[in-house]
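Heads up, run_15.tsv below (TSV, C-alpha atoms):
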chain	number	residue	atom	x	y	z
K	1	MET	CA	-17.96	27.35	162.27
K	2	HIS	CA	-19.32	30.82	162.94
K	3	VAL	CA	-18.23	33.44	160.41
K	4	PRO	CA	-18.49	37.12	161.39
K	5	SER	CA	-20.16	39.46	158.95
K	6	VAL	CA	-20.29	43.12	158.09
K	7	SER	CA	-23.03	45.25	156.63
K	8	MET	CA	-22.85	46.29	152.97
K	9	GLY	CA	-26.14	48.04	152.36
K	10	ASP	CA	-29.20	46.27	153.71
K	11	GLU	CA	-27.77	42.73	153.82
K	12	GLN	CA	-24.74	40.96	155.28
K	13	ILE	CA	-21.62	39.65	153.55
K	14	PRO	CA	-19.53	37.27	155.65
K	15	GLU	CA	-15.90	38.13	156.15
K	16	GLY	CA	-12.84	35.94	156.26
K	17	THR	CA	-13.69	32.51	154.86
K	18	GLY	CA	-17.17	33.57	153.73
K	19	VAL	CA	-17.02	32.28	150.13
K	20	PRO	CA	-19.40	29.33	149.83
K	21	HIS	CA	-17.87	26.06	148.58
K	22	GLY	CA	-14.60	27.85	147.85
K	23	ARG	CA	-11.15	26.34	147.52
K	24	MET	CA	-9.43	26.86	150.85
K	25	ILE	CA	-5.92	27.91	151.88
K	26	SER	CA	-4.93	27.81	155.54
K	27	THR	CA	-1.23	28.19	156.37
K	28	ARG	CA	1.21	30.02	158.64
K	29	ASP	CA	3.90	30.10	155.94
K	30	PRO	CA	3.88	33.40	153.92
K	31	SER	CA	5.70	31.77	150.99
K	32	GLU	CA	3.15	28.98	150.77
K	33	ALA	CA	0.27	31.46	151.05
K	34	LYS	CA	1.65	33.54	148.19
K	35	ALA	CA	2.37	30.54	145.95
K	36	ARG	CA	-1.03	28.93	146.45
K	37	THR	CA	-2.91	32.23	145.99
K	38	GLN	CA	-1.03	32.79	142.73
K	39	GLU	CA	-2.18	29.36	141.57
K	40	LEU	CA	-5.81	30.20	142.32
K	41	LEU	CA	-5.71	33.56	140.53
K	42	ASN	CA	-3.29	32.49	137.79
K	43	ASN	CA	-1.40	35.75	138.33
K	44	VAL	CA	1.97	36.61	139.91
K	45	HIS	CA	2.36	38.98	142.86
K	46	SER	CA	4.77	39.60	145.72
K	47	MET	CA	3.96	39.56	149.46
K	48	ARG	CA	6.04	41.07	152.26
K	49	VAL	CA	5.18	40.82	155.98
K	50	LEU	CA	5.76	44.22	157.63
K	51	GLU	CA	5.60	43.25	161.31
K	52	ARG	CA	6.85	40.30	163.32
K	53	GLY	CA	4.95	40.80	166.56
K	54	ARG	CA	1.69	39.36	165.26
K	55	PRO	CA	1.60	35.73	164.01
K	56	PHE	CA	1.02	35.21	160.29
K	57	GLU	CA	-1.98	33.01	159.53
K	58	ALA	CA	-3.38	33.00	156.02
K	59	ARG	CA	-7.05	32.09	155.62
K	60	VAL	CA	-8.12	32.32	151.99
K	61	ALA	CA	-11.17	30.98	150.13
K	62	TYR	CA	-11.80	31.31	146.39
K	63	GLN	CA	-14.65	30.28	144.13
K	64	LYS	CA	-15.03	31.10	140.44
K	65	LEU	CA	-18.15	31.13	138.28
K	66	HIS	CA	-16.97	31.10	134.68
K	67	GLY	CA	-15.10	34.42	134.30
K	68	ILE	CA	-16.17	35.92	137.65
K	69	GLY	CA	-14.86	34.92	141.07
K	70	LEU	CA	-14.88	35.76	144.77
K	71	MET	CA	-11.87	35.56	147.07
K	72	ALA	CA	-12.03	36.14	150.82
K	73	SER	CA	-8.66	36.59	152.53
K	74	GLY	CA	-7.03	37.59	155.80
K	75	TYR	CA	-3.43	37.22	157.00
K	76	GLY	CA	-3.12	38.76	160.47
K	77	PRO	CA	-0.08	41.09	160.52
K	78	ALA	CA	0.47	44.22	158.46
K	79	LEU	CA	1.79	43.33	155.02
K	80	GLU	CA	2.46	44.68	151.56
K	81	ILE	CA	1.20	43.04	148.35
K	82	SER	CA	2.53	44.25	145.00
K	83	CYS	CA	1.25	43.35	141.53
K	84	ALA	CA	2.98	44.10	138.24
K	85	PRO	CA	1.45	43.78	134.76
K	86	PRO	CA	0.51	41.76	132.88
K	87	ILE	CA	-2.44	40.85	135.12
K	88	SER	CA	-5.33	39.00	133.47
K	89	ILE	CA	-8.12	40.14	135.79
K	90	VAL	CA	-9.95	43.27	136.95
K	91	THR	CA	-10.61	43.32	140.69
K	92	VAL	CA	-12.94	45.13	143.10
K	93	ASN	CA	-11.46	44.95	146.61
K	94	PHE	CA	-13.84	45.38	149.58
K	95	VAL	CA	-11.97	45.75	152.90
K	96	PHE	CA	-13.10	45.22	156.49
K	97	GLY	CA	-11.56	45.82	159.90
K	98	GLY	CA	-8.99	48.41	158.83
K	99	THR	CA	-7.59	50.34	155.89
K	100	MET	CA	-5.61	49.54	152.77
K	101	LEU	CA	-3.15	52.12	151.43
K	102	ILE	CA	-2.94	51.97	147.65
K	103	ASP	CA	-0.23	53.19	145.29
K	104	ASP	CA	-1.53	52.54	141.78
K	105	GLY	CA	1.55	53.88	139.98
K	106	ARG	CA	-0.16	56.96	138.52
K	107	ALA	CA	1.87	60.05	139.36
K	108	ASP	CA	-1.07	62.43	138.89
K	109	GLU	CA	-3.06	60.80	141.73
K	110	PRO	CA	-2.22	60.72	145.45
K	111	THR	CA	-2.07	57.46	147.37
K	112	ALA	CA	-5.63	56.19	147.81
K	113	VAL	CA	-7.15	54.63	150.94
K	114	ALA	CA	-9.67	51.79	150.77
K	115	ASP	CA	-11.81	51.29	153.88
K	116	GLN	CA	-15.33	50.22	154.90
K	117	HIS	CA	-16.79	53.04	152.78
K	118	HIS	CA	-14.49	52.79	149.74
K	119	ALA	CA	-13.45	49.78	147.66
K	120	GLY	CA	-10.39	49.61	145.44
K	121	VAL	CA	-10.85	48.93	141.70
K	122	PHE	CA	-7.83	47.72	139.72
K	123	CYS	CA	-7.16	47.00	136.05
K	124	PHE	CA	-3.39	46.82	136.73
K	125	PRO	CA	-2.09	48.92	133.80
K	126	GLU	CA	0.84	49.89	136.06
K	127	ASN	CA	2.44	48.41	139.18
K	128	VAL	CA	-0.01	48.38	142.10
K	129	ARG	CA	1.16	48.27	145.72
K	130	MET	CA	-1.27	47.65	148.59
K	131	ARG	CA	-0.38	48.02	152.26
K	132	TRP	CA	-2.72	46.07	154.54
K	133	ALA	CA	-3.33	47.26	158.11
K	134	PRO	CA	-2.97	44.62	160.87
K	135	GLY	CA	-6.04	42.40	161.07
K	136	LEU	CA	-7.42	43.61	157.71
K	137	ARG	CA	-9.80	41.28	155.87
K	138	GLN	CA	-10.72	41.50	152.21
K	139	LEU	CA	-13.45	40.24	149.92
K	140	MET	CA	-12.21	40.55	146.32
K	141	LEU	CA	-14.39	40.29	143.25
K	142	THR	CA	-12.39	39.11	140.21
K	143	ILE	CA	-13.40	39.52	136.56
K	144	ASP	CA	-11.46	38.10	133.61
K	145	LYS	CA	-10.38	40.96	131.34
K	146	PRO	CA	-11.63	39.39	128.06
K	147	LEU	CA	-15.09	39.09	129.63
K	148	ILE	CA	-15.36	42.74	130.72
K	149	ASP	CA	-13.80	43.97	127.45
K	150	ARG	CA	-16.43	42.07	125.46
K	151	HIS	CA	-19.19	43.55	127.59
K	152	LEU	CA	-17.80	47.05	127.13
K	153	ARG	CA	-17.63	46.60	123.34
K	154	ASN	CA	-21.28	45.55	123.38
K	155	LEU	CA	-22.23	48.66	125.35
K	156	LEU	CA	-20.39	50.86	122.87
K	157	ASN	CA	-21.08	48.82	119.72
K	158	GLU	CA	-17.56	49.65	118.55
K	159	PRO	CA	-14.01	48.36	119.10
K	160	LEU	CA	-11.94	49.50	122.08
K	161	ASP	CA	-9.12	51.86	121.09
K	162	ALA	CA	-7.33	51.79	124.47
K	163	PRO	CA	-7.14	49.47	127.52
K	164	LEU	CA	-9.91	49.92	130.09
K	165	HIS	CA	-8.85	51.99	133.15
K	166	PHE	CA	-11.12	52.52	136.17
K	167	GLU	CA	-10.81	55.22	138.79
K	168	THR	CA	-9.07	53.58	141.74
K	169	LEU	CA	-11.51	54.31	144.58
K	170	MET	CA	-15.18	53.32	144.52
K	171	ASP	CA	-17.52	55.16	146.86
K	172	LEU	CA	-19.80	52.40	148.17
K	173	LYS	CA	-22.54	54.93	148.97
K	174	GLY	CA	-22.10	57.06	145.85
K	175	GLY	CA	-22.16	54.83	142.78
K	176	GLY	CA	-20.95	51.57	144.27
K	177	GLU	CA	-24.34	50.34	145.45
K	178	GLY	CA	-24.92	48.40	142.22
K	179	ILE	CA	-21.71	46.37	142.33
K	180	THR	CA	-22.21	45.73	146.06
K	181	ALA	CA	-25.69	44.31	145.38
K	182	ALA	CA	-24.38	42.23	142.45
K	183	THR	CA	-21.62	40.82	144.69
K	184	ARG	CA	-24.23	39.84	147.30
K	185	THR	CA	-26.25	38.09	144.60
K	186	LEU	CA	-23.19	36.21	143.37
K	187	ARG	CA	-22.41	35.02	146.89
K	188	ARG	CA	-26.05	34.02	147.52
K	189	ALA	CA	-26.14	31.97	144.31
K	190	LEU	CA	-22.89	30.18	145.20
K	191	ALA	CA	-24.37	29.35	148.61
K	192	GLN	CA	-27.77	28.15	147.39
K	193	CYS	CA	-26.64	26.15	144.36
K	194	GLY	CA	-24.01	24.04	146.10
K	195	LYS	CA	-20.74	22.73	144.71
K	196	ALA	CA	-22.23	22.20	141.24
K	197	GLY	CA	-22.75	25.96	140.93
K	198	PRO	CA	-25.67	27.89	139.44
K	199	PRO	CA	-27.39	26.62	136.28
K	200	PRO	CA	-26.43	28.39	133.00
K	201	VAL	CA	-29.40	30.78	132.95
K	202	LEU	CA	-28.70	32.01	136.46
K	203	ALA	CA	-24.93	32.19	135.89
K	204	LYS	CA	-25.51	34.41	132.84
K	205	GLU	CA	-27.85	36.67	134.81
K	206	ILE	CA	-25.27	37.12	137.56
K	207	GLU	CA	-22.47	37.75	135.08
K	208	GLN	CA	-24.58	40.39	133.33
K	209	SER	CA	-25.46	42.16	136.58
K	210	VAL	CA	-21.84	42.28	137.78
K	211	LEU	CA	-20.44	43.61	134.50
K	212	THR	CA	-23.18	46.19	133.95
K	213	ALA	CA	-23.05	47.45	137.55
K	214	LEU	CA	-19.28	47.95	137.38
K	215	LEU	CA	-19.13	49.56	133.94
K	216	LEU	CA	-22.06	51.91	134.60
K	217	GLY	CA	-21.44	52.60	138.29
K	218	GLN	CA	-17.68	53.22	138.41
K	219	ARG	CA	-16.10	55.92	136.27
K	220	HIS	CA	-13.51	54.84	133.67
K	221	ASN	CA	-11.97	56.07	130.43
K	222	TYR	CA	-15.02	55.00	128.35
K	223	THR	CA	-17.75	56.37	130.64
K	224	ASP	CA	-18.52	59.46	128.54
K	225	ARG	CA	-18.78	57.43	125.36
K	226	ILE	CA	-21.14	54.93	126.96
K	227	PHE	CA	-23.56	57.70	127.93
K	228	SER	CA	-23.33	59.71	124.70
K	229	PRO	CA	-26.46	59.81	122.43
K	230	GLN	CA	-26.89	56.90	120.00
K	231	PRO	CA	-29.34	56.40	117.10
K	232	LEU	CA	-32.31	54.05	117.65
K	233	PRO	CA	-32.34	50.77	115.69
K	234	THR	CA	-35.17	50.00	113.26
K	235	PRO	CA	-38.31	48.04	114.34
K	236	ARG	CA	-37.01	45.04	112.38
K	237	VAL	CA	-34.14	44.71	114.86
K	238	VAL	CA	-36.54	44.20	117.76
K	239	ARG	CA	-38.56	41.64	115.77
K	240	ARG	CA	-35.40	39.62	115.05
K	241	VAL	CA	-34.43	39.65	118.72
K	242	LEU	CA	-37.93	38.46	119.76
K	243	GLU	CA	-37.73	35.64	117.21
K	244	LEU	CA	-34.39	34.58	118.71
K	245	ILE	CA	-35.75	34.58	122.28
K	246	HIS	CA	-38.80	32.49	121.38
K	247	SER	CA	-36.91	30.07	119.13
K	248	SER	CA	-34.32	29.25	121.82
K	249	PRO	CA	-36.27	28.53	125.04
K	250	ASP	CA	-33.30	26.94	126.85
K	251	ALA	CA	-30.70	29.59	125.97
K	252	ALA	CA	-29.25	31.70	128.80
K	253	PHE	CA	-29.47	35.04	127.01
K	254	THR	CA	-28.11	38.28	128.41
K	255	VAL	CA	-28.69	41.73	126.96
K	256	ALA	CA	-25.08	41.60	125.70
K	257	ASP	CA	-25.89	38.43	123.73
K	258	LEU	CA	-29.03	39.99	122.26
K	259	ALA	CA	-27.25	43.23	121.31
K	260	GLU	CA	-24.40	41.31	119.68
K	261	PHE	CA	-26.90	39.22	117.71
K	262	ALA	CA	-28.73	42.37	116.58
K	263	GLY	CA	-25.53	44.23	115.72
K	264	VAL	CA	-26.36	47.25	117.91
K	265	SER	CA	-25.19	48.56	121.28
K	266	GLU	CA	-26.93	47.41	124.45
K	267	ARG	CA	-28.15	50.93	125.11
K	268	SER	CA	-29.64	51.25	121.61
K	269	LEU	CA	-31.41	47.91	121.96
K	270	HIS	CA	-32.76	48.93	125.37
K	271	SER	CA	-34.13	52.19	123.92
K	272	ALA	CA	-35.74	50.35	120.99
K	273	PHE	CA	-37.47	47.87	123.32
K	274	ARG	CA	-38.72	50.73	125.48
K	275	ARG	CA	-40.10	52.57	122.47
K	276	GLN	CA	-41.75	49.57	120.77
K	277	LEU	CA	-42.73	47.27	123.67
K	278	GLY	CA	-42.69	49.50	126.74
K	279	THR	CA	-40.19	47.26	128.52
K	280	SER	CA	-36.49	46.46	128.57
K	281	PRO	CA	-34.90	43.49	126.77
K	282	MET	CA	-34.13	41.66	130.02
K	283	SER	CA	-37.59	42.36	131.46
K	284	TYR	CA	-39.00	40.72	128.34
K	285	VAL	CA	-36.61	37.77	128.73
K	286	ARG	CA	-37.55	37.37	132.41
K	287	ARG	CA	-41.24	37.45	131.56
K	288	HIS	CA	-40.60	34.72	129.00
K	289	ARG	CA	-38.69	32.75	131.67
K	290	LEU	CA	-41.65	33.12	134.04
K	291	GLU	CA	-43.83	31.53	131.39
K	292	GLN	CA	-41.33	28.70	130.95
K	293	ALA	CA	-41.19	28.22	134.72
K	294	ARG	CA	-45.00	28.01	134.81
K	295	GLU	CA	-44.99	25.29	132.16
K	296	GLU	CA	-42.48	23.28	134.20
K	297	LEU	CA	-44.46	23.79	137.43
K	298	LEU	CA	-47.60	22.49	135.73
K	299	ARG	CA	-45.66	19.35	134.72
K	300	SER	CA	-44.09	18.86	138.17
K	301	ASP	CA	-45.33	16.64	140.98
K	302	PRO	CA	-44.38	17.67	144.55
K	303	SER	CA	-45.04	14.10	145.73
K	304	GLU	CA	-42.08	13.02	143.59
K	305	GLY	CA	-39.74	15.55	145.20
K	306	ALA	CA	-40.24	18.50	142.85
K	307	LYS	CA	-39.50	21.85	144.52
K	308	VAL	CA	-40.45	25.38	143.52
K	309	THR	CA	-36.95	26.62	144.49
K	310	ASP	CA	-35.29	24.21	142.05
K	311	VAL	CA	-37.59	25.28	139.22
K	312	ALA	CA	-36.88	28.94	139.96
K	313	LEU	CA	-33.11	28.43	139.94
K	314	ARG	CA	-33.21	26.49	136.66
K	315	HIS	CA	-34.94	29.42	135.00
K	316	GLY	CA	-32.57	32.07	136.36
K	317	PHE	CA	-34.35	33.31	139.50
K	318	THR	CA	-31.95	33.34	142.46
K	319	HIS	CA	-34.27	35.02	145.01
K	320	THR	CA	-37.21	32.72	145.75
K	321	GLY	CA	-39.31	35.45	147.39
K	322	ARG	CA	-38.97	37.82	144.43
K	323	PHE	CA	-39.70	34.97	142.03
K	324	ALA	CA	-42.89	34.14	143.92
K	325	SER	CA	-43.94	37.80	143.96
K	326	ALA	CA	-43.31	38.26	140.23
K	327	TYR	CA	-45.06	34.97	139.49
K	328	ARG	CA	-48.16	35.91	141.49
K	329	ALA	CA	-48.30	39.34	139.82
K	330	ARG	CA	-48.18	37.71	136.37
K	331	PHE	CA	-50.39	34.65	136.85
K	332	GLY	CA	-52.58	35.49	139.84
K	333	GLU	CA	-51.47	32.54	141.99
K	334	SER	CA	-48.38	31.34	143.82
K	335	PRO	CA	-45.86	28.95	142.19
K	336	SER	CA	-46.70	26.30	144.82
K	337	ALA	CA	-50.40	26.56	143.93
K	338	THR	CA	-49.56	25.95	140.28
K	339	MET	CA	-47.42	22.94	141.18
K	340	ARG	CA	-50.20	21.45	143.33
K	341	ARG	CA	-52.47	21.51	140.32

Starting from the file, lay out its structure as structure tokens.
Amino acid sequence: MHVPSVSMGDEQIPEGTGVPHGRMISTRDPSEAKARTQELLNNVHSMRVLERGRPFEARVAYQKLHGIGLMASGYGPALEISCAPPISIVTVNFVFGGTMLIDDGRADEPTAVADQHHAGVFCFPENVRMRWAPGLRQLMLTIDKPLIDRHLRNLLNEPLDAPLHFETLMDLKGGGEGITAATRTLRRALAQCGKAGPPPVLAKEIEQSVLTALLLGQRHNYTDRIFSPQPLPTPRVVRRVLELIHSSPDAAFTVADLAEFAGVSERSLHSAFRRQLGTSPMSYVRRHRLEQAREELLRSDPSEGAKVTDVALRHGFTHTGRFASAYRARFGESPSATMRR
């Protein structure tokens, strides 16, 4: 089946049913569409069809990777979807083929409009009402609230004193490029890794990129505190983190894990690595993963079905071309040349 696509930056994201290996809903019954979507998201919402001249046909696909998911949806006629707290997820809503009018329940803000240049971002502290234009299609990124709250605490290195609230509209060309790229990477990994999903190292990398891109790229009530000056940790902190990385070769570390282990904020740990090692924590981790990948390639036999792509994915590299380029830069030969030896 051919799936149309739209441009988001320099690559394509399929519309409609374009979530690889997702759980599918296809129905002409609005009540069934609402009930089954609620089951997928584990959240309650209401749906009201606003026009009768166009046939209703729900086409929904959803796939979840631990605490992060992708849902593609389209219904046909104009409709209104309303969500009331408590809602257990944060969403980023990309829309195609029309506009979405948003009333987020905040009296000090006018009704917002999501379109091909602006995504909607919702934490659902208040009632949210969305009016879909006829023929509108949506790709929605979902993030479990405990996951993003933990990541935010690690960035701040302090408890949260209020619920997280994002600004409603995300400019996809003015700050939203990071989350758009992270969403493309998530979709690519779901497509390449099949129904079993990405291996733990890769899943952690994707999770980290999505959370960091959203918290640093979209303004919220903790943005100023994230970017305020913080003291640098002592050299001993970096040594302890390096010991952890080298003593746990199979662990799928993220910078949030390393900062939590060290008892410092992610930004402080990043600054300490830059000062002492001239690199970032995750660059160091990726370099270590390249070395682990090289060891596996040297043990692998292509005549027995071993593939460079599989080795790359197991060690957290979702883009084979970039893996090969980084590998050649580090070791002076291609991954396939190493495997042949």

Could you give me, as a PyMOL selection string, the residues within 12 Å of stretch 212-221 of chain K, counting only C-alpha atoms and dropping anything in the same chain fewer than 3 positions from it?
chain K and resi 90-92+118-123+141-143+147-156+160-183+205-209+224-227+254-256+266-267

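Here atom CA of K:Phe317 and atom CA of K:Gln63 stand 20.5 Å from one another.
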
Stretch 70-135 of chain K residues near stretch 25-38 of chain K within 12 Å, closest pair each, using all atoms listed in the file, as a Markdown table:
| residue | atom | partner | partner_atom | distance |
| --- | --- | --- | --- | --- |
| K:Met71 | CA | K:Thr37 | CA | 9.6 |
| K:Ala72 | CA | K:Ile25 | CA | 10.3 |
| K:Ser73 | CA | K:Ile25 | CA | 9.1 |
| K:Gly74 | CA | K:Ser26 | CA | 10.0 |
| K:Tyr75 | CA | K:Arg28 | CA | 8.7 |
| K:Gly76 | CA | K:Arg28 | CA | 9.9 |
| K:Pro77 | CA | K:Pro30 | CA | 10.9 |
| K:Leu79 | CA | K:Pro30 | CA | 10.2 |
| K:Glu80 | CA | K:Pro30 | CA | 11.6 |
| K:Ile81 | CA | K:Lys34 | CA | 9.5 |
| K:Ser82 | CA | K:Lys34 | CA | 11.2 |
| K:Cys83 | CA | K:Gln38 | CA | 10.9 |
| K:Ile87 | CA | K:Gln38 | CA | 11.2 |
| K:Ser88 | CA | K:Gln38 | CA | 11.9 |

Using the file's own x, y and z axes, what box holds all listed atoms of stretch 113-117 of chain K with 4 Å on each side, keeping edges along x, y and z, and what are its centre and edge lengths in Å to one decimal, as JSON?
{"center_x": -12.0, "center_y": 52.4, "center_z": 152.8, "size_x": 17.6, "size_y": 12.4, "size_z": 12.1}

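Atom CA of K:Ile68 lies 9.3 Å from atom CA of K:Leu211.
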
For each of K:Pro125, K:Pro249, K:Trp132, K:Phe331, take the minimum atom-to-atom distance to K:Val113, counting all atoms listed in the file, then give the residue where this is smallest.
K:Trp132

Enter the distance from atom CA of K:Ala306 to atom CA of K:Ser336, in Å, rounded to one decimal.
10.3 Å

Within 10 Å of K:Leu313 using only C-alpha atoms, minus same-chain residues under 2 positions, as a ChimeraX atom specification
/K:189,192-193,198-203,293,308-311,315-320,323

Residues near K:Lys307, anyone? I mean within 12 Å using all atoms listed in the file, not counting same-chain ones fewer than 5 positions away, as a ChimeraX atom specification.
/K:293,296-302,312-314,320,335-340

Give me the residues within 9 Å of K:Tyr284 as a PyMOL selection string, counting only C-alpha atoms and dropping any in the same chain fewer than 5 places off.
chain K and resi 242+273+277+279+289

Taking all atoms listed in the file into account, which of K:Met100, K:Ala114, K:Met24, K:Met130 comes nearest K:Ser46?
K:Met130

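Remark: for K:Gly197, the closest of the candidate residues K:Arg294, K:Arg239, K:Arg48, K:His21 is K:His21 (distances computed over only C-alpha atoms).
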